[in-house]
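Colleague: Okay, handing you the structure first.
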There are 2 protein chains.
Amino acid sequence: MNIAEFDVVTTEGSATQRAYHLLRHMIVTGVLKPGEKLKIDGLRNRLETGASPIREALSLLTSDNLVERHDQRGFTAAAVSVDNFQEILVLRSSIEDLALRASIANATQDWEERIVLAHHRMLRAEGKETDMFEQFHKAFHMELLANAASPIMLKFCSQLYDLNIRYRYLAGSAMNYQRRDVRDEHNGILDAAVARDADTASERLLNHYKLTGAFLSGLLGNGALA
Amino acid sequence: MNIAEFDVVTTEGSATQRAYHLLRHMIVTGVLKPGEKLKIDGLRNRLETGASPIREALSLLTSDNLVERHDQRGFTAAAVSVDNFQEILVLRSSIEDLALRASIANATQDWEERIVLAHHRMLRAEGKETDMFEQFHKAFHMELLANAASPIMLKFCSQLYDLNIRYRYLAGSAMNYQRRDVRDEHNGILDAAVARDADTASERLLNHYKLTGAFLSGLLGNGALA
DNA sequence: CCGACAAAAAATATCGATTATTTCGCCAAA
DNA sequence: TTTGGCGAAATAATCGATATTTTTTGTCGG
């Protein structure tokens, strides 16, 4: 999987491919609301395609935990809850800790350059539209972990990232969370990774999550999910 | 997800459901070989159903890393390699370590009884046909982890379990691995879990994986994958 | 007024056929 | 011999229609 292409909405490829990316984007960004029934016919009209590609795309999305499949009762957008949010936060922290340490253990000059580049691209995307920034933000985080040479683990991390960012969109804070000292946090993580200091890098990464987690938890607790 | 129903091949439900369970079983047990092209028409005949359920089932299986989807070029059974096997082993050990410790941290009498029961059922299935034993073996391992109250993590573990057991079938040793001192190992894990001794339980669980891993690695290295 | 049952409506799931794409085999030219 | 196309065959993907299932609605009897 090409890191740079995570999550890009395309207009090429098969109808299934297009439907998959479009639906995923609509769910992650909250256009399709949690728990909402995803009726084949409705989506068929919206995406201007047949039932087969829609069903196939929805099946693919169930594996990402973004869609729930109820046999013979159709599909719904995955539910959300405070518990679910906490679970994602905790699990993500644990697994990314593993991944980052493994990544650093395998550090090479090549990887070093890739994370610096990903970081630079993210900086340049600041102030651009949210979707664009989010794309590079994810690319940076995934590139940090990619050197662990564990495709399955990377896929898990990617999934958890998407599940988490969905809550950010739901809380309507995808934009303004850019305000916090996130830039400094990213710098700190990058520096430690480049220095191949696994303990510091991991500590900063986890703190990064803990902070955004607490921030979001506050918003969500105030009924943003209700 | 009901632990006891992991992986059961049903004849009820929708055609998609049936196709999903059947195909999954065929891939895990090696009836469909790694890398094999999964032609829709061929499967259509074999499973006596239409193309739509097949495609949908295959889409669901891609999320389990058991099928690879190549846009406009169909599906293949997931490839295998020594690297992949090692990755699964390492990742599984790491994540199950987390899960087991969390499970024990949440220990209740109810959970205690569930794992004892699962263990008993596994013992009773010894000597029965492989598939039956495997079902209870998996149920026991999943039940150990289920008390972590982290559905996503449990799903990851379930996936990794299936990926791992696939190698066991490929090595043709699903049966005779029952001979090793696996029974003692399981007893040891159960005892430590019941005693709520996380360190010992985890150590024994990981050792259990390390041993089967080394055992299989030997077989696989000798060209069983070629 | 409420609950059970039946018919109607809506939605899902599936099929068979059609369309689009890739793959393969062949031949000609370099 | 290799390379580059050109069909033809094979396969994947998609569509439109039909069958199946679930959900809703309406009616009757208690």
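Identifiers for the structure tokens are assigned positionally: chains receive A, B, ... in sequence, residues are indexed from 1 per chain, and ligands are indexed from 1 in the order shown.
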Go through chain C and flag each residue having an atom no more than 9 Å from chain B; for those, report the closest pair of atoms plus their distance in Å to one decimal, using only C-alpha atoms (C1' of nucleotides), ordered by chain and rising number, as JSON lines.

Modeller:
{"residue": "C:DA13", "atom": "C1'", "partner": "B:Ser14", "partner_atom": "CA", "distance": 7.6}
{"residue": "C:DT14", "atom": "C1'", "partner": "B:Gly50", "partner_atom": "CA", "distance": 6.9}
{"residue": "C:DC15", "atom": "C1'", "partner": "B:Gly50", "partner_atom": "CA", "distance": 6.2}
{"residue": "C:DG16", "atom": "C1'", "partner": "B:Gly50", "partner_atom": "CA", "distance": 8.9}
{"residue": "C:DT21", "atom": "C1'", "partner": "B:Gln72", "partner_atom": "CA", "distance": 7.1}
{"residue": "C:DT22", "atom": "C1'", "partner": "B:Arg73", "partner_atom": "CA", "distance": 7.2}

Colleague: Please report, as JSON lines, each residue of chain B lying at most 8 Å from chain A, together with the nearest pair of atoms and the separation in Å rounded to one decimal; use only C-alpha atoms, and order rows by chain and ascending residue number.

Modeller:
{"residue": "B:Gly13", "atom": "CA", "partner": "A:Asp71", "partner_atom": "CA", "distance": 7.3}
{"residue": "B:Ser14", "atom": "CA", "partner": "A:Gln72", "partner_atom": "CA", "distance": 6.8}
{"residue": "B:Gln17", "atom": "CA", "partner": "A:Asp71", "partner_atom": "CA", "distance": 7.6}
{"residue": "B:Ser52", "atom": "CA", "partner": "A:Ser52", "partner_atom": "CA", "distance": 6.9}
{"residue": "B:Arg55", "atom": "CA", "partner": "A:Glu56", "partner_atom": "CA", "distance": 7.2}
{"residue": "B:Glu56", "atom": "CA", "partner": "A:Glu56", "partner_atom": "CA", "distance": 5.4}
{"residue": "B:Ser59", "atom": "CA", "partner": "A:Leu60", "partner_atom": "CA", "distance": 5.5}
{"residue": "B:Leu60", "atom": "CA", "partner": "A:Ser59", "partner_atom": "CA", "distance": 5.5}
{"residue": "B:Thr62", "atom": "CA", "partner": "A:Leu60", "partner_atom": "CA", "distance": 7.5}
{"residue": "B:Ser63", "atom": "CA", "partner": "A:Ser63", "partner_atom": "CA", "distance": 4.6}
{"residue": "B:Asp64", "atom": "CA", "partner": "A:Ser63", "partner_atom": "CA", "distance": 7.1}
{"residue": "B:Asp71", "atom": "CA", "partner": "A:Ser14", "partner_atom": "CA", "distance": 6.9}
{"residue": "B:Gln72", "atom": "CA", "partner": "A:Ser14", "partner_atom": "CA", "distance": 6.7}
{"residue": "B:Glu87", "atom": "CA", "partner": "A:Ser150", "partner_atom": "CA", "distance": 6.3}
{"residue": "B:Ile88", "atom": "CA", "partner": "A:Ile152", "partner_atom": "CA", "distance": 7.9}
{"residue": "B:Leu91", "atom": "CA", "partner": "A:Met153", "partner_atom": "CA", "distance": 7.1}
{"residue": "B:Ile95", "atom": "CA", "partner": "A:Ile95", "partner_atom": "CA", "distance": 7.6}
{"residue": "B:Ser150", "atom": "CA", "partner": "A:Glu87", "partner_atom": "CA", "distance": 6.3}
{"residue": "B:Ile152", "atom": "CA", "partner": "A:Ile88", "partner_atom": "CA", "distance": 7.9}
{"residue": "B:Met153", "atom": "CA", "partner": "A:Leu91", "partner_atom": "CA", "distance": 7.1}

Colleague: Select residues of chain D: the criterion is any atom within 12 Å of an atom of chain A, counting only C-alpha atoms (C1' of nucleotides); output as a ChimeraX atom specification.

Modeller: /D:12-16,20-23

Colleague: Kindly save the residues from that selection, with C-alpha atoms (C1' of nucleotides) included, as an mmCIF file, in the first residue's frame.

Modeller:
data_model
loop_
_atom_site.group_PDB
_atom_site.id
_atom_site.type_symbol
_atom_site.label_atom_id
_atom_site.label_comp_id
_atom_site.auth_asym_id
_atom_site.auth_seq_id
_atom_site.Cartn_x
_atom_site.Cartn_y
_atom_site.Cartn_z
ATOM 1 C "C1'" DA D 12 -14.239 -9.155 -14.281
ATOM 2 C "C1'" DA D 13 -17.582 -5.714 -13.433
ATOM 3 C "C1'" DT D 14 -21.990 -3.866 -13.836
ATOM 4 C "C1'" DC D 15 -26.790 -3.417 -14.795
ATOM 5 C "C1'" DG D 16 -31.883 -4.250 -14.686
ATOM 6 C "C1'" DT D 20 -37.073 -13.056 -0.907
ATOM 7 C "C1'" DT D 21 -37.287 -11.025 3.445
ATOM 8 C "C1'" DT D 22 -38.360 -7.521 6.599
ATOM 9 C "C1'" DT D 23 -41.075 -3.722 8.026
#

Colleague: Using DSSP on the backbone, list every residue of segment 11-133 of chain B that comes out as alpha helix (DSSP H), and give them as a count of residues only.

Modeller: 78

Colleague: Find the residues near DG3 of chain C: any atom within 12 Å, counting only C-alpha atoms (C1' of nucleotides), skip ones fewer than 4 places away on the same chain, and give them as an NGL selection string.

Modeller: :D and (28-30)

Colleague: Would you list the contacts of Asp162 of chain B as a VMD selection string, taking every protein, DNA or RNA residue within 9 Å and counting only C-alpha atoms (C1' of nucleotides), but skipping same-chain residues closer than 3 positions in sequence?

Modeller: chain B and resid 28 64 66 138 157 to 159 165 to 167

Colleague: Would you kindly return, as a list in words, each protein, DNA or RNA residue with an atom no farther than 12 Å from any atom of DA8 of chain D, considering only C-alpha atoms (C1' of nucleotides) and excluding same-chain residues fewer than 5 positions away?

Modeller: DT23, DC24, DG25 and DC26 of chain C

Colleague: What would the file look like if the residues just selected were written as a PDB file, in the first residue's frame with N, CA and C atoms (P, O5', C5', C4', C3', O3' and C1' of nucleotides)?

Modeller:
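Output saved as again_26.pdb:
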ATOM      1  P    DT C  23      -4.360  -8.454 -16.840  1.00  0.00           P
ATOM      2  O5'  DT C  23      -4.404  -9.737 -17.781  1.00  0.00           O
ATOM      3  C5'  DT C  23      -5.385 -10.744 -17.539  1.00  0.00           C
ATOM      4  C4'  DT C  23      -5.353 -11.739 -18.687  1.00  0.00           C
ATOM      5  C3'  DT C  23      -3.945 -12.188 -19.099  1.00  0.00           C
ATOM      6  O3'  DT C  23      -3.951 -13.605 -19.141  1.00  0.00           O
ATOM      7  C1'  DT C  23      -5.174 -11.474 -20.991  1.00  0.00           C
ATOM      8  P    DC C  24      -2.596 -14.424 -19.357  1.00  0.00           P
ATOM      9  O5'  DC C  24      -2.784 -15.029 -20.811  1.00  0.00           O
ATOM     10  C5'  DC C  24      -4.054 -15.579 -21.163  1.00  0.00           C
ATOM     11  C4'  DC C  24      -4.089 -15.824 -22.660  1.00  0.00           C
ATOM     12  C3'  DC C  24      -2.783 -16.365 -23.241  1.00  0.00           C
ATOM     13  O3'  DC C  24      -3.075 -17.523 -24.007  1.00  0.00           O
ATOM     14  C1'  DC C  24      -3.515 -14.465 -24.461  1.00  0.00           C
ATOM     15  P    DG C  25      -1.849 -18.452 -24.477  1.00  0.00           P
ATOM     16  O5'  DG C  25      -1.989 -18.345 -26.048  1.00  0.00           O
ATOM     17  C5'  DG C  25      -3.286 -18.396 -26.627  1.00  0.00           C
ATOM     18  C4'  DG C  25      -3.216 -17.878 -28.053  1.00  0.00           C
ATOM     19  C3'  DG C  25      -2.007 -18.389 -28.842  1.00  0.00           C
ATOM     20  O3'  DG C  25      -2.453 -18.745 -30.136  1.00  0.00           O
ATOM     21  C1'  DG C  25      -2.048 -16.033 -28.887  1.00  0.00           C
ATOM     22  P    DC C  26      -1.504 -19.628 -31.086  1.00  0.00           P
ATOM     23  O5'  DC C  26      -1.284 -18.658 -32.323  1.00  0.00           O
ATOM     24  C5'  DC C  26      -2.406 -17.956 -32.870  1.00  0.00           C
ATOM     25  C4'  DC C  26      -1.922 -16.693 -33.547  1.00  0.00           C
ATOM     26  C3'  DC C  26      -0.707 -16.909 -34.460  1.00  0.00           C
ATOM     27  O3'  DC C  26      -1.149 -16.828 -35.805  1.00  0.00           O
ATOM     28  C1'  DC C  26      -0.554 -14.889 -33.174  1.00  0.00           C
TER      29       DC C  26
END

Colleague: Just want the 12 Å neighbourhood of DG4 of chain D, counted on only C-alpha atoms (C1' of nucleotides), with same-chain residues fewer than 2 positions away dropped. Output as a PyMOL selection string.

Modeller: (chain C and resi 27-30) or (chain D and resi 2+6)

Colleague: I'd like the neighbourhood of DT24 of chain D as a list in words, where a residue qualifies if any of its atoms comes within 10 Å (using only C-alpha atoms (C1' of nucleotides)), though same-chain residues fewer than 2 positions away should be ignored.

Modeller: DA8, DA9 and DA10 of chain C; DT22 and DG26 of chain D

Colleague: Any chance you could list, as a list in words, the residues in segment 5-214 of chain B that come up strand (DSSP E) when DSSP is run on the backbone?

Modeller: Lys37, Leu38, Val67, Glu68, Arg69, His70, Gly74, Phe75, Thr76 and Ala77 of chain B

Colleague: Quick one: distance from atom CA of Ile104 of chain A to atom CA of Leu117 of chain A in Å, one decimal?

Modeller: 16.5 Å
